[in-house]
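Peer 1: Contents of input-v2.cif (mmCIF, C-alpha atoms) are given next:
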data_my_file
loop_
_atom_site.label_atom_id
_atom_site.label_comp_id
_atom_site.auth_asym_id
_atom_site.auth_seq_id
_atom_site.Cartn_x
_atom_site.Cartn_y
_atom_site.Cartn_z
CA MET E 1 53.71 50.05 53.81
CA THR E 2 54.33 47.28 51.29
CA GLU E 3 52.47 47.78 48.03
CA ALA E 4 50.19 45.03 46.81
CA PRO E 5 51.72 43.06 43.93
CA THR E 6 50.36 43.92 40.50
CA VAL E 7 47.90 41.36 39.12
CA ARG E 8 48.74 40.73 35.46
CA VAL E 9 45.56 40.02 33.46
CA LEU E 10 44.86 38.56 30.03
CA LEU E 11 41.40 39.44 28.66
CA VAL E 12 39.75 36.90 26.36
CA ASP E 13 36.41 37.64 24.68
CA ASP E 14 35.30 37.66 21.06
CA GLN E 15 33.31 40.84 21.73
CA GLU E 16 35.65 43.81 21.42
CA LEU E 17 33.23 46.01 23.38
CA ILE E 18 33.55 43.82 26.47
CA ARG E 19 37.34 43.64 26.22
CA THR E 20 37.54 47.40 25.80
CA ALA E 21 35.25 48.11 28.75
CA LEU E 22 37.22 45.82 31.07
CA SER E 23 40.55 47.14 29.82
CA MET E 24 39.52 50.76 30.38
CA VAL E 25 38.38 50.06 33.93
CA MET E 26 41.50 48.05 34.78
CA ALA E 27 43.73 50.80 33.38
CA ASP E 28 42.70 52.98 36.33
CA ILE E 29 43.44 50.30 38.95
CA GLU E 30 46.93 50.57 40.44
CA ASP E 31 47.36 46.90 41.32
CA VAL E 32 45.91 45.48 38.06
CA GLU E 33 47.59 45.50 34.66
CA VAL E 34 46.15 44.22 31.39
CA VAL E 35 49.07 42.52 29.65
CA GLY E 36 47.18 41.27 26.60
CA GLU E 37 43.87 40.69 24.85
CA ALA E 38 42.59 37.79 22.73
CA ALA E 39 39.42 37.26 20.69
CA THR E 40 39.73 33.46 20.30
CA GLY E 41 40.55 30.47 22.45
CA LYS E 42 43.55 29.64 20.28
CA ASP E 43 45.03 33.10 20.78
CA ALA E 44 44.27 32.88 24.51
CA VAL E 45 46.36 29.71 24.85
CA ARG E 46 49.19 31.23 22.82
CA LEU E 47 49.24 34.50 24.77
CA ALA E 48 48.91 32.77 28.13
CA GLY E 49 52.08 30.85 27.28
CA ALA E 50 53.93 33.90 26.02
CA LEU E 51 52.84 36.41 28.66
CA ALA E 52 52.38 34.20 31.76
CA PRO E 53 49.56 36.31 33.25
CA ASP E 54 48.37 35.80 36.82
CA VAL E 55 44.71 35.68 35.77
CA VAL E 56 42.93 35.01 32.48
CA VAL E 57 39.43 36.47 32.23
CA MET E 58 37.86 33.99 29.82
CA ASP E 59 34.70 34.11 27.73
CA ILE E 60 33.10 30.71 27.07
CA ARG E 61 31.43 31.08 23.70
CA MET E 62 33.97 31.92 21.01
CA PRO E 63 34.46 30.79 17.41
CA GLY E 64 36.83 27.88 16.87
CA MET E 65 38.32 26.80 20.19
CA ASP E 66 35.85 27.70 22.94
CA GLY E 67 36.68 28.95 26.43
CA ILE E 68 36.41 25.49 28.00
CA GLU E 69 39.09 23.94 25.81
CA ALA E 70 41.27 27.03 26.15
CA THR E 71 40.90 26.86 29.94
CA ARG E 72 41.83 23.18 29.96
CA ARG E 73 44.96 23.74 27.89
CA ILE E 74 46.07 26.71 29.96
CA THR E 75 45.56 25.10 33.38
CA GLU E 76 47.18 21.82 32.30
CA THR E 77 50.39 23.47 31.11
CA GLN E 78 50.59 26.52 33.37
CA THR E 79 49.61 25.63 36.90
CA ASP E 80 50.31 29.14 38.22
CA VAL E 81 47.83 30.79 35.85
CA ARG E 82 44.28 31.17 37.16
CA VAL E 83 41.24 31.39 34.90
CA VAL E 84 38.07 33.35 35.66
CA VAL E 85 35.18 32.45 33.38
CA LEU E 86 32.71 35.14 32.30
CA THR E 87 29.30 33.62 31.65
CA THR E 88 25.62 34.42 31.20
CA PHE E 89 22.64 32.61 32.68
CA ASP E 90 22.05 30.60 29.53
CA ASP E 91 25.64 29.33 29.57
CA ASP E 92 25.14 26.83 32.42
CA ALA E 93 25.81 23.77 30.26
CA TYR E 94 29.17 25.26 29.31
CA VAL E 95 30.10 26.13 32.89
CA TYR E 96 29.97 22.47 33.94
CA GLY E 97 32.75 21.75 31.48
CA ALA E 98 34.73 24.76 32.66
CA LEU E 99 34.56 23.44 36.24
CA ARG E 100 36.33 20.28 35.18
CA ALA E 101 38.71 22.19 32.93
CA GLY E 102 40.23 23.90 35.98
CA ALA E 103 38.61 27.34 36.13
CA SER E 104 38.94 29.06 39.51
CA GLY E 105 36.14 31.57 39.19
CA PHE E 106 32.75 32.08 37.55
CA LEU E 107 31.28 35.51 37.02
CA VAL E 108 28.25 36.77 35.16
CA LYS E 109 28.66 39.47 32.54
CA ASP E 110 26.03 41.74 34.07
CA MET E 111 28.00 42.07 37.33
CA ALA E 112 29.30 45.50 38.26
CA LEU E 113 32.79 46.09 36.86
CA ASP E 114 34.10 46.78 40.37
CA ASP E 115 32.90 43.34 41.45
CA ILE E 116 34.70 41.74 38.51
CA ILE E 117 37.92 43.54 39.51
CA SER E 118 37.52 42.31 43.09
CA ALA E 119 37.01 38.77 41.84
CA VAL E 120 40.19 38.97 39.78
CA ARG E 121 42.09 39.93 42.92
CA VAL E 122 40.55 37.07 44.91
CA VAL E 123 41.45 34.48 42.28
CA ALA E 124 44.97 35.91 41.86
CA ALA E 125 45.49 35.46 45.60
CA GLY E 126 44.86 31.74 45.19
CA ASP E 127 41.24 31.50 46.26
CA ALA E 128 38.23 30.60 44.13
CA LEU E 129 35.05 32.54 43.52
CA ILE E 130 31.66 31.83 42.02
CA ALA E 131 29.14 34.61 41.55
CA PRO E 132 26.29 34.23 44.08
CA SER E 133 23.73 34.38 41.29
CA VAL E 134 25.34 31.31 39.70
CA THR E 135 26.28 29.19 42.71
CA ARG E 136 23.09 27.48 43.85
CA ARG E 137 21.69 26.78 40.40
CA LEU E 138 25.05 25.66 39.07
CA ILE E 139 25.89 23.26 41.89
CA HIS E 140 22.35 21.90 42.08
CA ASP E 141 22.34 21.00 38.41
CA PHE E 142 25.96 19.82 38.39
CA ALA E 143 25.36 17.37 41.24
CA ALA E 144 22.42 15.81 39.41
CA ARG E 145 24.42 15.07 36.29
CA PRO E 146 25.05 11.37 35.52
CA GLN E 147 28.85 11.55 35.40
CA GLN E 148 29.26 12.16 39.14
CA LYS E 149 31.55 9.62 40.83
CA VAL E 150 32.01 8.74 44.48
CA ARG E 151 35.51 9.63 45.65
CA ALA E 152 35.60 7.08 48.46
CA ARG E 153 39.30 6.28 48.16
CA GLU E 154 40.38 9.91 48.35
CA LEU E 155 38.14 10.59 51.36
CA LYS E 156 39.77 7.82 53.39
CA ALA E 157 42.76 10.12 53.79
CA ILE E 158 40.84 12.83 55.65
CA THR E 159 39.72 13.00 59.28
CA ASP E 160 36.14 13.22 60.50
CA ARG E 161 36.57 16.93 61.21
CA GLU E 162 38.02 17.54 57.76
CA ARG E 163 35.04 15.70 56.32
CA GLU E 164 32.75 18.09 58.19
CA VAL E 165 34.64 21.06 56.77
CA LEU E 166 34.49 19.62 53.25
CA THR E 167 30.73 19.17 53.61
CA LEU E 168 30.32 22.80 54.65
CA VAL E 169 32.56 24.00 51.79
CA GLY E 170 30.36 22.00 49.43
CA SER E 171 27.32 23.72 50.89
CA GLY E 172 28.77 27.08 49.85
CA LEU E 173 29.80 28.38 53.28
CA SER E 174 32.64 30.88 53.61
CA ASN E 175 35.54 30.37 56.02
CA SER E 176 33.91 32.61 58.64
CA GLU E 177 30.60 30.75 58.31
CA ILE E 178 32.38 27.40 58.65
CA ALA E 179 34.13 28.69 61.77
CA ALA E 180 30.82 29.77 63.30
CA GLU E 181 29.13 26.48 62.41
CA LEU E 182 31.88 24.36 64.01
CA CYS E 183 32.67 26.78 66.87
CA ILE E 184 36.28 27.19 65.80
CA SER E 185 38.37 30.21 64.81
CA VAL E 186 38.56 31.46 61.23
CA ALA E 187 42.29 30.72 61.27
CA THR E 188 41.55 27.10 62.21
CA ALA E 189 38.96 26.85 59.45
CA LYS E 190 41.57 28.09 56.96
CA THR E 191 44.01 25.47 58.26
CA TYR E 192 41.49 22.69 57.66
CA LEU E 193 40.85 24.04 54.17
CA THR E 194 44.58 24.03 53.40
CA ARG E 195 44.86 20.43 54.60
CA LEU E 196 41.93 19.38 52.41
CA LEU E 197 43.47 21.02 49.36
CA THR E 198 46.71 19.11 50.01
CA LYS E 199 45.23 15.73 50.90
CA LEU E 200 42.71 15.72 48.06
CA ASP E 201 45.15 17.24 45.58
CA ALA E 202 42.60 19.94 44.76
CA ARG E 203 43.56 23.09 42.87
CA ASP E 204 41.22 25.36 44.81
CA ARG E 205 37.90 25.74 46.60
CA VAL E 206 35.89 25.11 43.43
CA GLN E 207 37.36 21.61 43.11
CA LEU E 208 36.60 20.91 46.78
CA VAL E 209 32.96 21.80 46.10
CA ILE E 210 32.91 19.33 43.19
CA MET E 211 34.46 16.61 45.34
CA ALA E 212 31.94 17.15 48.12
CA TYR E 213 29.07 16.61 45.69
CA GLU E 214 30.69 13.70 43.88
CA ALA E 215 31.30 11.97 47.21
CA GLY E 216 27.69 12.42 48.23
CA LEU E 217 28.54 14.62 51.23
CA VAL E 218 26.15 17.29 49.94
CA SER E 219 22.84 16.73 48.22
CA PRO E 220 20.95 19.27 46.09
#
Can you present the structure in this file as C-alpha cells?
Peer 2:
Amino acid sequence: MTEAPTVRVLLVDDQELIRTALSMVMADIEDVEVVGEAATGKDAVRLAGALAPDVVVMDIRMPGMDGIEATRRITETQTDVRVVVLTTFDDDAYVYGALRAGASGFLVKDMALDDIISAVRVVAAGDALIAPSVTRRLIHDFAARPQQKVRARELKAITDREREVLTLVGSGLSNSEIAAELCISVATAKTYLTRLLTKLDARDRVQLVIMAYEAGLVSP
C-alpha cells in the first residue's frame, strides 16, 4: 500500500501556547510534519519562502504584519502553498480580508485538535474548508458588504449547468449534496467543479463561493 505523502506544516501564531499545543499533536501524526514556527507575519513570510511548506496554519491578529497581509504575500509569491486561517468569532471583520488574500481554509480556535489536523489534510490535498460554525455567518455578512462586484464577463464563459453548480457551491453544498440536488454522480459533480475552477481562474472552492455571491447567484 502506498503511504500518504507527508504534509509539511508551518505554524504561525503569536501565542506560544497555541503553537506548542498544535506542534505536540502534529508530532504524533505520521503524515504531518511541522517544519517551522513563527510568531509574526513577517517571520511567516520569510519562513514560507525558505521552507516551502505545503500548508501554513495562520493566526490573524499578530503584532506588526497581521495574518491577512502575510497570507497575501505568501499566496502571491508561492502558489503551491496553502494557508489555513485560525480565527475566533470576534475576528469576522479580519476574515473577509483573508478571503481576498487567498486563504484556503478558515477554522476556529476552539475546534478539536483532531478536526484541525483533518482540515490541514483537506487543504493540502487542494480543497478548501471553512468551519461550519463560521460559514453561514461569514458568507451572509460578506455578501452584504458594499465592495461586491458582479462578475458578468467571467460568467459568460460557463454553461447553464456549470452556473447551477456554481450556485450550489455558493450555497455551501458539498460535492455529494450537489450530485443529489442535480441527480448526477459525485464524479460528475467533481468534474463540473474542476471546470469552474479552470474557467473562472479560481484558486479553490472558497474563491468560487465568493464569485457566486459577487455575481448575485446566491443571496443571503
Peer 1: So, with all atoms listed in the file as the atoms that count, which of E:Leu173, E:Val56, E:Leu99, E:Leu113 lies closest to E:Ile18?
Peer 2: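 Closest to E:Ile18 of all the choices is E:Leu113.
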Peer 1: Go ahead and compute the interatomic distance for atom CA of E:Met211 and atom CA of E:Thr87, in Å to one decimal.
Peer 2: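 Straight-line distance from atom CA of E:Met211 to atom CA of E:Thr87 works out to 22.4 Å.
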Peer 1: Which residue gives the smallest distance to E:Val7 among E:Ala124, E:Ala48, E:Ala38, E:Val81, with all atoms listed in the file counted?
Peer 2: E:Ala124
Peer 1: For E:Asp59, which residue out of E:Leu155, E:Met26, E:Leu10, E:Leu197 is the nearest one, using only C-alpha atoms?
Peer 2: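 So, comparing all the options, the nearest one is E:Leu10.
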Peer 1: What residues come out when you apply the PyMOL selection byres ((chain E and resi 178-183) around 10) to this file, written as a PyMOL selection string?
Peer 2: chain E and resi 161+164-169+171-177+184-190
Peer 1: Care to translate the PyMOL selection byres ((chain E and resi 98) around 9) into actual residues of this file, as a list in words?
Peer 2: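 That selection, the PyMOL selection byres ((chain E and resi 98) around 9), comes back as Ile60, Gly67, Ile68, Glu69, Thr71, Arg72, Val85, Tyr94, Val95, Tyr96, Gly97, Leu99, Arg100, Ala101, Gly102 and Ala103 of chain E.
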Peer 1: Write out as an mmCIF file with C-alpha atoms, in the coordinates of the input which residues come within 10 Å of E:Met62 when counting only C-alpha atoms, dropping same-chain ones fewer than 5 positions away.
Peer 2:
data_model
loop_
_atom_site.group_PDB
_atom_site.id
_atom_site.type_symbol
_atom_site.label_atom_id
_atom_site.label_comp_id
_atom_site.auth_asym_id
_atom_site.auth_seq_id
_atom_site.Cartn_x
_atom_site.Cartn_y
_atom_site.Cartn_z
ATOM 1 C CA VAL E 12 39.750 36.900 26.360
ATOM 2 C CA ASP E 13 36.410 37.640 24.680
ATOM 3 C CA ASP E 14 35.300 37.660 21.060
ATOM 4 C CA GLN E 15 33.310 40.840 21.730
ATOM 5 C CA ALA E 39 39.420 37.260 20.690
ATOM 6 C CA THR E 40 39.730 33.460 20.300
ATOM 7 C CA GLY E 41 40.550 30.470 22.450
ATOM 8 C CA LYS E 42 43.550 29.640 20.280
ATOM 9 C CA GLY E 67 36.680 28.950 26.430
ATOM 10 C CA ILE E 68 36.410 25.490 28.000
#
Peer 1: Go through E:Ile29, E:Arg195, E:Glu37, E:Met58 one by one, measure the shortest atom-to-atom distance of each to E:Asp114 using all atoms listed in the file, and give the residue with the smallest value.
Peer 2: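 So, comparing all the options, the nearest one is E:Ile29.
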Peer 1: Rank nothing, just name the residue among E:Arg163, E:Thr75, E:Arg8, E:Thr191 nearest to E:Ala215, using only C-alpha atoms.
Peer 2: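 For E:Ala215, the nearest of the given residues is E:Arg163.
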Peer 1: Do a neighbour search on E:Val122 at 12 Å with only C-alpha atoms, toss out local chain neighbours closer than 6 positions, and write the hits as a VMD selection string.
Peer 2: chain E and resid 7 54 to 55 82 to 84 104 to 106 115 to 116 128 to 130 204 to 205
Peer 1: Using only C-alpha atoms, please write the residues we just selected to a file, as a short mmCIF file (atom, residue, chain, number, x, y, z; two decimals), keeping the file's coordinate frame.
Peer 2:
data_model
loop_
_atom_site.label_atom_id
_atom_site.label_comp_id
_atom_site.auth_asym_id
_atom_site.auth_seq_id
_atom_site.Cartn_x
_atom_site.Cartn_y
_atom_site.Cartn_z
CA VAL E 7 47.90 41.36 39.12
CA ASP E 54 48.37 35.80 36.82
CA VAL E 55 44.71 35.68 35.77
CA ARG E 82 44.28 31.17 37.16
CA VAL E 83 41.24 31.39 34.90
CA VAL E 84 38.07 33.35 35.66
CA SER E 104 38.94 29.06 39.51
CA GLY E 105 36.14 31.57 39.19
CA PHE E 106 32.75 32.08 37.55
CA ASP E 115 32.90 43.34 41.45
CA ILE E 116 34.70 41.74 38.51
CA ALA E 128 38.23 30.60 44.13
CA LEU E 129 35.05 32.54 43.52
CA ILE E 130 31.66 31.83 42.02
CA ASP E 204 41.22 25.36 44.81
CA ARG E 205 37.90 25.74 46.60
#
Peer 1: Grab the atom CA of E:Pro63 to atom CA of E:Asp43 distance for me, in Å with one decimal place.
Peer 2: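 If I compute the distance from atom CA of E:Pro63 to atom CA of E:Asp43, I get 11.3 Å.
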Peer 1: Distance atom CA of E:Asp110-atom CA of E:Val32, one decimal place?
Peer 2: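 About the pair atom CA of E:Asp110 and atom CA of E:Val32: they are 20.6 Å apart.
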Peer 1: Select, from E:Leu86, E:Leu47, E:Val35, E:Ala212, the residue with the minimum atom-to-atom distance to E:Arg61, counting only C-alpha atoms.
Peer 2: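 Closest candidate: E:Leu86.
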Peer 1: Using all atoms listed in the file - which residues lie no farther than 7 Å from the point (31.2, 42.5, 28.9) in the file's frame? Write them as a list in words.
Peer 2: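 I get Leu17, Ile18, Arg19, Ala21 and Lys109 of chain E for the residues within 7 Å of that point.
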Peer 1: Just C-alpha atoms for this one: save the residues we selected as a PDB file, in the coordinates of the input.
Peer 2:
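See part.pdb below for the written result:
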ATOM      1  CA  LEU E  17      33.230  46.010  23.380  1.00  0.00           C
ATOM      2  CA  ILE E  18      33.550  43.820  26.470  1.00  0.00           C
ATOM      3  CA  ARG E  19      37.340  43.640  26.220  1.00  0.00           C
ATOM      4  CA  ALA E  21      35.250  48.110  28.750  1.00  0.00           C
ATOM      5  CA  LYS E 109      28.660  39.470  32.540  1.00  0.00           C
TER       6      LYS E 109
END
